[in-house]
file target_6.txt (compact mmCIF, C-alpha atoms and all ligand atoms)
# COMPACT_ATOMS: atom_id res chain seq x y z
CA MET A 1 2.24 62.86 -11.85
CA ALA A 2 -1.17 61.39 -10.94
CA GLU A 3 -1.74 57.73 -11.89
CA LYS A 4 -4.05 57.18 -14.85
CA THR A 5 -7.13 55.26 -13.75
CA HIS A 6 -10.17 53.86 -15.48
CA GLU A 7 -13.17 51.83 -14.39
CA ALA A 8 -13.04 48.10 -15.02
CA VAL A 9 -15.80 45.52 -14.61
CA PHE A 10 -15.14 42.13 -13.05
CA LEU A 11 -17.42 39.10 -13.04
CA ILE A 12 -16.29 36.91 -10.16
CA PHE A 13 -17.61 33.49 -9.24
CA ARG A 14 -19.10 33.60 -5.75
CA GLY A 15 -20.40 30.66 -3.78
CA THR A 16 -20.07 26.93 -4.06
CA PRO A 17 -20.45 24.71 -7.16
CA GLU A 18 -23.96 23.74 -5.97
CA ASN A 19 -25.04 27.25 -5.14
CA GLY A 20 -22.90 29.82 -6.88
CA GLU A 21 -23.04 32.47 -9.59
CA TYR A 22 -20.93 35.17 -11.22
CA LYS A 23 -21.36 38.58 -9.55
CA GLU A 24 -20.38 41.94 -10.94
CA TYR A 25 -17.96 44.38 -9.28
CA ARG A 26 -16.59 47.68 -10.56
CA ILE A 27 -13.35 49.30 -9.41
CA GLN A 28 -10.92 51.91 -10.66
CA VAL A 29 -7.78 50.24 -11.99
CA VAL A 30 -4.37 51.72 -12.70
CA ASP A 31 -1.69 50.83 -15.23
CA GLY A 32 0.36 47.81 -14.19
CA MET A 33 -2.34 46.14 -12.08
CA VAL A 34 -2.70 42.38 -12.31
CA VAL A 35 -5.89 40.38 -11.77
CA LEU A 36 -4.80 39.43 -8.24
CA ASP A 37 -4.47 43.14 -7.31
CA ALA A 38 -8.03 43.68 -8.51
CA MET A 39 -9.33 40.70 -6.49
CA MET A 40 -7.60 42.01 -3.35
CA GLU A 41 -9.07 45.45 -3.88
CA ILE A 42 -12.57 44.06 -4.42
CA GLN A 43 -12.12 41.94 -1.29
CA ALA A 44 -11.00 44.97 0.72
CA LYS A 45 -13.71 47.31 -0.57
CA PHE A 46 -16.83 45.21 -1.11
CA VAL A 47 -16.65 41.55 -0.08
CA SER A 48 -14.34 40.78 2.80
CA ASP A 49 -15.27 37.08 2.62
CA LEU A 50 -14.20 36.64 -1.03
CA GLY A 51 -12.35 33.31 -1.13
CA ILE A 52 -8.98 33.62 -2.90
CA ARG A 53 -5.91 31.43 -2.56
CA CYS A 54 -2.68 33.38 -2.95
CA ASN A 55 0.69 33.69 -1.36
CA CYS A 56 3.81 35.16 -2.98
CA GLY A 57 2.17 37.46 -5.53
CA ALA A 58 5.23 36.95 -7.72
CA GLY A 59 4.43 33.88 -9.84
CA LYS A 60 6.52 31.51 -7.76
CA CYS A 61 4.20 29.79 -5.28
CA GLY A 62 1.60 28.50 -7.75
CA SER A 63 -1.30 29.35 -5.41
CA CYS A 64 -3.41 31.89 -7.29
CA SER A 65 -4.43 29.66 -10.20
CA ALA A 66 -7.82 30.56 -11.64
CA GLU A 67 -9.68 30.73 -14.93
CA ILE A 68 -9.51 34.23 -16.38
CA ASN A 69 -11.90 34.73 -19.28
CA GLY A 70 -12.05 30.92 -19.43
CA VAL A 71 -8.27 30.41 -19.66
CA PRO A 72 -6.29 28.78 -16.80
CA ARG A 73 -3.79 31.41 -15.60
CA LEU A 74 -2.04 32.72 -12.51
CA MET A 75 -3.90 35.81 -11.26
CA CYS A 76 -0.64 37.42 -10.13
CA LYS A 77 0.91 37.14 -13.58
CA THR A 78 -2.04 38.32 -15.63
CA ARG A 79 -1.90 42.03 -16.35
CA LEU A 80 -5.23 43.74 -16.87
CA SER A 81 -3.69 45.62 -19.80
CA ASP A 82 -3.15 42.26 -21.59
CA LEU A 83 -6.89 41.44 -21.48
CA PRO A 84 -9.44 42.71 -24.03
CA GLU A 85 -10.05 46.40 -23.39
CA GLY A 86 -13.52 47.59 -22.41
CA GLN A 87 -14.82 44.09 -21.70
CA PRO A 88 -15.64 42.57 -18.30
CA VAL A 89 -12.91 40.35 -16.83
CA LYS A 90 -14.43 37.01 -15.87
CA VAL A 91 -12.65 35.25 -13.00
CA GLY A 92 -13.66 31.75 -11.94
CA PRO A 93 -12.23 28.73 -10.12
CA LEU A 94 -10.31 25.90 -11.81
CA LYS A 95 -12.91 23.66 -13.41
CA SER A 96 -11.11 20.32 -13.13
CA PHE A 97 -11.11 20.25 -9.34
CA PRO A 98 -13.93 20.37 -6.80
CA GLY A 99 -14.83 23.90 -5.79
CA ILE A 100 -14.65 24.83 -2.11
CA LYS A 101 -15.74 28.48 -2.14
CA ASP A 102 -15.52 31.32 -4.65
CA LEU A 103 -12.12 31.02 -6.39
CA VAL A 104 -10.74 28.31 -4.12
CA THR A 105 -10.68 24.70 -5.28
CA ASP A 106 -9.63 21.45 -3.64
CA VAL A 107 -6.48 20.34 -5.46
CA SER A 108 -5.60 17.60 -2.95
CA TRP A 109 -6.04 14.87 -5.60
CA ASN A 110 -2.72 16.05 -7.02
CA TYR A 111 -0.91 15.46 -3.74
CA GLU A 112 -2.39 11.97 -3.52
CA VAL A 113 -1.11 11.22 -7.04
CA ASN A 114 2.31 12.51 -6.06
CA LYS A 115 2.48 10.08 -3.13
CA THR A 116 2.01 7.08 -5.44
CA MET A 117 5.33 7.75 -7.21
CA THR A 118 8.65 6.22 -6.17
CA PRO A 119 10.77 9.18 -5.11
CA PHE A 120 14.37 9.79 -6.12
CA THR A 121 16.30 6.61 -5.35
CA PRO A 122 20.06 6.93 -5.84
CA HIS A 123 22.23 4.04 -7.05
CA GLN A 124 23.97 2.25 -4.20
CA ASP A 125 27.42 3.70 -3.57
CA THR A 126 26.67 6.42 -6.07
CA GLU A 127 29.30 9.01 -6.79
CA TRP A 128 27.51 12.31 -6.38
CA ARG A 129 28.78 13.76 -9.62
CA MET A 130 26.80 14.93 -12.62
CA GLN A 131 27.81 16.47 -15.92
CA GLN A 132 26.53 19.99 -16.60
CA PHE A 133 24.43 18.79 -19.56
CA GLU A 134 22.70 16.29 -17.23
CA VAL A 135 21.91 19.08 -14.77
CA ASP A 136 20.61 21.29 -17.59
CA ARG A 137 18.36 18.55 -18.97
CA ILE A 138 16.32 18.16 -15.78
CA GLN A 139 16.53 21.79 -14.70
CA GLU A 140 13.54 22.68 -16.86
CA HIS A 141 11.35 20.06 -15.16
CA ARG A 142 12.37 21.26 -11.73
CA LYS A 143 11.03 24.75 -12.43
CA CYS A 144 7.50 23.43 -11.81
CA ILE A 145 5.69 25.51 -9.17
CA GLU A 146 2.75 23.09 -8.86
CA CYS A 147 0.16 25.61 -9.94
CA PHE A 148 -1.79 22.74 -11.58
CA LEU A 149 -2.84 24.90 -14.51
CA CYS A 150 -1.67 22.12 -16.83
CA GLN A 151 -3.77 19.60 -14.89
CA ASP A 152 -6.75 21.94 -15.16
CA THR A 153 -6.46 22.41 -18.90
CA CYS A 154 -5.71 18.79 -19.89
CA HIS A 155 -8.84 17.41 -21.55
CA VAL A 156 -8.16 13.91 -20.21
CA ILE A 157 -8.80 15.26 -16.72
CA ARG A 158 -11.07 18.20 -17.51
CA GLU A 159 -13.49 16.71 -20.03
CA HIS A 160 -13.07 12.98 -19.49
CA ASP A 161 -12.43 13.03 -15.72
CA LYS A 162 -9.89 10.19 -15.94
CA LYS A 163 -8.36 11.01 -12.57
CA LYS A 164 -8.30 7.32 -11.62
CA GLU A 165 -6.43 6.26 -14.77
CA TYR A 166 -4.20 9.24 -15.52
CA CYS A 167 -1.73 11.25 -13.44
CA GLY A 168 -1.80 14.32 -15.70
CA PRO A 169 0.95 16.45 -17.26
CA ARG A 170 2.38 17.85 -14.01
CA PHE A 171 3.24 14.37 -12.80
CA LEU A 172 4.55 13.22 -16.16
CA VAL A 173 6.97 16.14 -15.78
CA ARG A 174 8.00 14.80 -12.39
CA LEU A 175 8.38 11.27 -13.75
CA ALA A 176 10.48 12.59 -16.64
CA SER A 177 12.79 14.46 -14.27
CA LEU A 178 13.34 11.22 -12.32
CA ALA A 179 13.73 9.07 -15.45
CA MET A 180 16.36 11.45 -16.84
CA HIS A 181 18.25 11.79 -13.56
CA PRO A 182 21.60 10.03 -14.06
CA LEU A 183 21.93 9.10 -10.37
CA ASP A 184 18.47 7.58 -10.00
CA ALA A 185 18.20 3.79 -9.95
CA ALA A 186 14.45 3.17 -9.66
CA ASP A 187 12.63 1.60 -12.61
CA ARG A 188 9.30 3.38 -13.04
CA MET A 189 8.54 2.27 -16.59
CA ALA A 190 5.71 -0.12 -15.66
CA PHE A 191 4.22 2.56 -13.40
CA ILE A 192 4.39 5.17 -16.16
CA LYS A 193 2.72 2.83 -18.64
CA GLU A 194 0.04 1.35 -16.41
CA LYS A 195 -0.70 3.48 -13.34
CA ALA A 196 0.31 6.92 -14.64
CA GLY A 197 -1.60 6.19 -17.85
CA ILE A 198 0.75 7.96 -20.26
CA GLY A 199 -1.06 6.34 -23.21
CA LEU A 200 -4.06 8.59 -22.53
CA CYS A 201 -2.08 11.68 -23.51
CA ASN A 202 -2.58 12.42 -27.18
CA VAL A 203 0.03 15.18 -27.30
CA THR A 204 -2.23 18.14 -27.91
CA HIS A 205 0.28 20.56 -26.30
CA CYS A 206 -2.51 22.41 -24.42
CA CYS A 207 -0.68 21.83 -21.12
CA SER A 208 2.52 23.46 -22.43
CA ASP A 209 0.52 26.47 -23.63
CA VAL A 210 -0.71 27.36 -20.12
CA CYS A 211 2.45 26.60 -18.11
CA PRO A 212 3.59 29.85 -16.43
CA GLU A 213 7.12 28.45 -16.11
CA LYS A 214 7.21 27.81 -19.87
CA ILE A 215 8.09 24.16 -19.32
CA ARG A 216 7.82 22.39 -22.67
CA ILE A 217 5.75 19.68 -21.03
CA THR A 218 4.89 17.67 -24.12
CA ASP A 219 8.15 18.04 -26.06
CA ASN A 220 10.60 17.69 -23.18
CA ALA A 221 8.78 15.43 -20.74
CA ILE A 222 5.87 13.48 -22.21
CA ILE A 223 7.29 12.62 -25.64
CA PRO A 224 10.66 11.42 -24.22
CA LEU A 225 8.75 9.24 -21.74
CA LYS A 226 6.54 7.85 -24.51
CA GLU A 227 9.69 7.02 -26.50
CA ARG A 228 11.14 5.15 -23.53
CA ILE A 229 7.92 3.20 -23.11
CA ALA A 230 7.97 2.30 -26.82
CA ASP A 231 11.62 1.16 -26.51
CA ARG A 232 10.90 -0.89 -23.41
CA TYR A 233 7.69 -2.59 -24.44
CA TYR A 234 7.35 -2.46 -28.18
CA ASP A 235 10.83 -2.49 -29.78
CA PRO A 236 11.55 -6.10 -30.86
CA VAL A 237 15.31 -5.56 -31.29
CA LEU A 238 15.75 -4.02 -27.82
CA THR A 239 13.56 -6.76 -26.34
CA LEU A 240 15.84 -9.40 -27.90
CA ILE A 241 18.97 -7.64 -26.63
CA ARG A 242 17.50 -7.48 -23.13
CA ARG A 243 16.66 -11.17 -23.25
CA ILE A 244 20.24 -12.03 -24.24
CA PHE A 245 22.08 -9.65 -21.91
CA GLY A 246 19.57 -9.40 -19.09
CA LYS A 247 17.80 -6.35 -17.69
CA ARG A 248 19.62 -3.10 -18.05
CA LYS A 249 20.71 -1.27 -14.94
CA SER A 250 19.33 2.01 -16.11
CA ASN A 251 15.62 2.78 -16.44
CA ILE A 252 16.09 4.23 -19.92
S1 LIG B 301 -0.50 17.05 -24.34
FE1 LIG B 301 -1.24 15.33 -23.13
S2 LIG B 301 -1.01 16.00 -21.01
FE2 LIG B 301 -0.87 17.84 -22.28
S3 LIG B 301 -2.98 18.61 -22.36
FE3 LIG B 301 -2.73 17.28 -24.15
S4 LIG B 301 -3.46 15.26 -23.49
FE4 LIG B 301 -3.10 16.49 -21.63
S1 LIG B 302 4.17 21.95 -15.21
FE1 LIG B 302 3.80 24.16 -15.41
S2 LIG B 302 1.56 24.34 -15.49
FE2 LIG B 302 2.01 22.31 -14.72
S3 LIG B 302 1.97 22.50 -12.49
FE3 LIG B 302 4.12 22.79 -13.14
S4 LIG B 302 4.37 24.99 -13.41
FE4 LIG B 302 2.16 24.59 -13.33
call {"tool": "encode", "arguments": {"input": "target_6.txt", "output": "structure tokens"}}
result
Amino acid sequence: MAEKTHEAVFLIFRGTPENGEYKEYRIQVVDGMVVLDAMMEIQAKFVSDLGIRCNCGAGKCGSCSAEINGVPRLMCKTRLSDLPEGQPVKVGPLKSFPGIKDLVTDVSWNYEVNKTMTPFTPHQDTEWRMQQFEVDRIQEHRKCIECFLCQDTCHVIREHDKKKEYCGPRFLVRLASLAMHPLDAADRMAFIKEKAGIGLCNVTHCCSDVCPEKIRITDNAIIPLKERIADRYYDPVLTLIRRIFGKRKSNI
């Protein structure tokens, strides 16, 4: 049976931030196509120099992040059939990061932020044993594919450009996975409060809404970290207990 096709219109950002504009392309699309398929076809047929960053095509490498009809999404996981029918599909680069060309942005700021964090630091003479519930608790955080869609959508970065003061939701997820790791001995609480700037997050949940891995960023990473900061710095009873018994071994 022949595949059912219909014409679809795409408005794709071409050029650089200083000298760029949305250009129109029309192709025949078939059922099941995703936005990345359409970009590849447009690249093959009309504009061989169309800048796209992609790799696995299966939602696991986090490379093909873009803004589709103004919403941060992975191009490889966005079916054309899930977008409004009969309307042009607008595809642009992530707005929170400097554009390089067409749909490609420079996300290197994220890697610089990552380097500022103390990595996993096991307790001395640790016994390498964990309970299943401890594994389960951090498993969700470790699903992150570093697509940076949450970073792109977070208004603290996007609208207020607080990149110097705030690490963003992706890295609060990383800090939460380390803070909840039972074998980790590093104390990152001061870093989370001061350098990572967790106080700038006002728990709008926008980051969770765009996460392709469905990580509950605010509920299961940011809020638990905020609670630990409150316990550490603002709970008078815990402060008194710490003064009497000394600093706790754990970073909780
Ligand atoms: S919940 Fe916090 S981190 Fe997530 S988008 Fe809102 S302000 Fe940003
Ligand atoms: S937390 Fe989710 S949205 Fe953010 S970088 Fe990781 S996978 Fe992407």
call {"tool": "residues_near_ligand", "arguments": {"input": "target_6.txt", "ligand": "ligand LIG 302 (chain B)", "cutoff": "7 Å", "atoms": "all atoms listed in the file", "output": "count of residues only"}}
result
21
call {"tool": "closest_residue", "arguments": {"input": "target_6.txt", "among": "A:Asp37, A:Asp231, A:Asp161, A:Asp102", "to": "A:Lys193", "atoms": "all atoms listed in the file"}}
result
A:Asp231
call {"tool": "residues_near_ligand", "arguments": {"input": "target_6.txt", "ligand": "ligand LIG 301 (chain B)", "cutoff": "6 Å", "atoms": "only C-alpha atoms and all ligand atoms", "output": "list in words"}}
result
Cys154, His155, Val156, Gly168, Pro169, Cys201, Asn202, Val203, Thr204, His205, Cys206, Cys207 and Thr218 of chain A
call {"tool": "closest_residue", "arguments": {"input": "target_6.txt", "among": "A:Thr78, A:Thr116, A:Ser208, A:Thr105", "to": "A:Gly32", "atoms": "only C-alpha atoms"}}
result
A:Thr78
call {"tool": "closest_residue", "arguments": {"input": "target_6.txt", "among": "A:Lys164, A:Lys45, A:Arg242, A:Lys95", "to": "A:Glu194", "atoms": "all atoms listed in the file"}}
result
A:Lys164
call {"tool": "closest_residue", "arguments": {"input": "target_6.txt", "among": "A:Leu240, A:Ile52, A:Val135, A:Val9", "to": "A:Leu183", "atoms": "all atoms listed in the file"}}
result
A:Val135
call {"tool": "atom_distance", "arguments": {"input": "target_6.txt", "atom1": "atom CA of A:Arg137", "atom2": "atom CA of A:Arg228"}}
result
15.9 Å
call {"tool": "closest_residue", "arguments": {"input": "target_6.txt", "among": "A:His141, A:Lys195, A:Arg14, A:Lys101", "to": "A:Lys162", "atoms": "all atoms listed in the file"}}
result
A:Lys195
call {"tool": "atom_distance", "arguments": {"input": "target_6.txt", "atom1": "atom CA of A:Leu83", "atom2": "atom CA of A:Asp209"}}
result
16.8 Å
call {"tool": "closest_residue", "arguments": {"input": "target_6.txt", "among": "A:Gly86, A:Gly92, A:Gly70, A:Pro182", "to": "A:His123", "atoms": "only C-alpha atoms"}}
result
A:Pro182
call {"tool": "atom_distance", "arguments": {"input": "target_6.txt", "atom1": "atom CA of A:Ile222", "atom2": "atom CA of A:His160"}}
result
19.1 Å
call {"tool": "residues_near_point", "arguments": {"input": "target_6.txt", "point": "(3.3, 8.2, -11.9)", "cutoff": "10 Å", "atoms": "all atoms listed in the file", "output": "count of residues only"}}
result
27
call {"tool": "residues_around", "arguments": {"input": "target_6.txt", "residues": "A:Leu11", "least_positions_apart": "3", "cutoff": "7 Å", "atoms": "only C-alpha atoms", "output": "number ranges by chain"}}
result
A: 22-25, 88-91
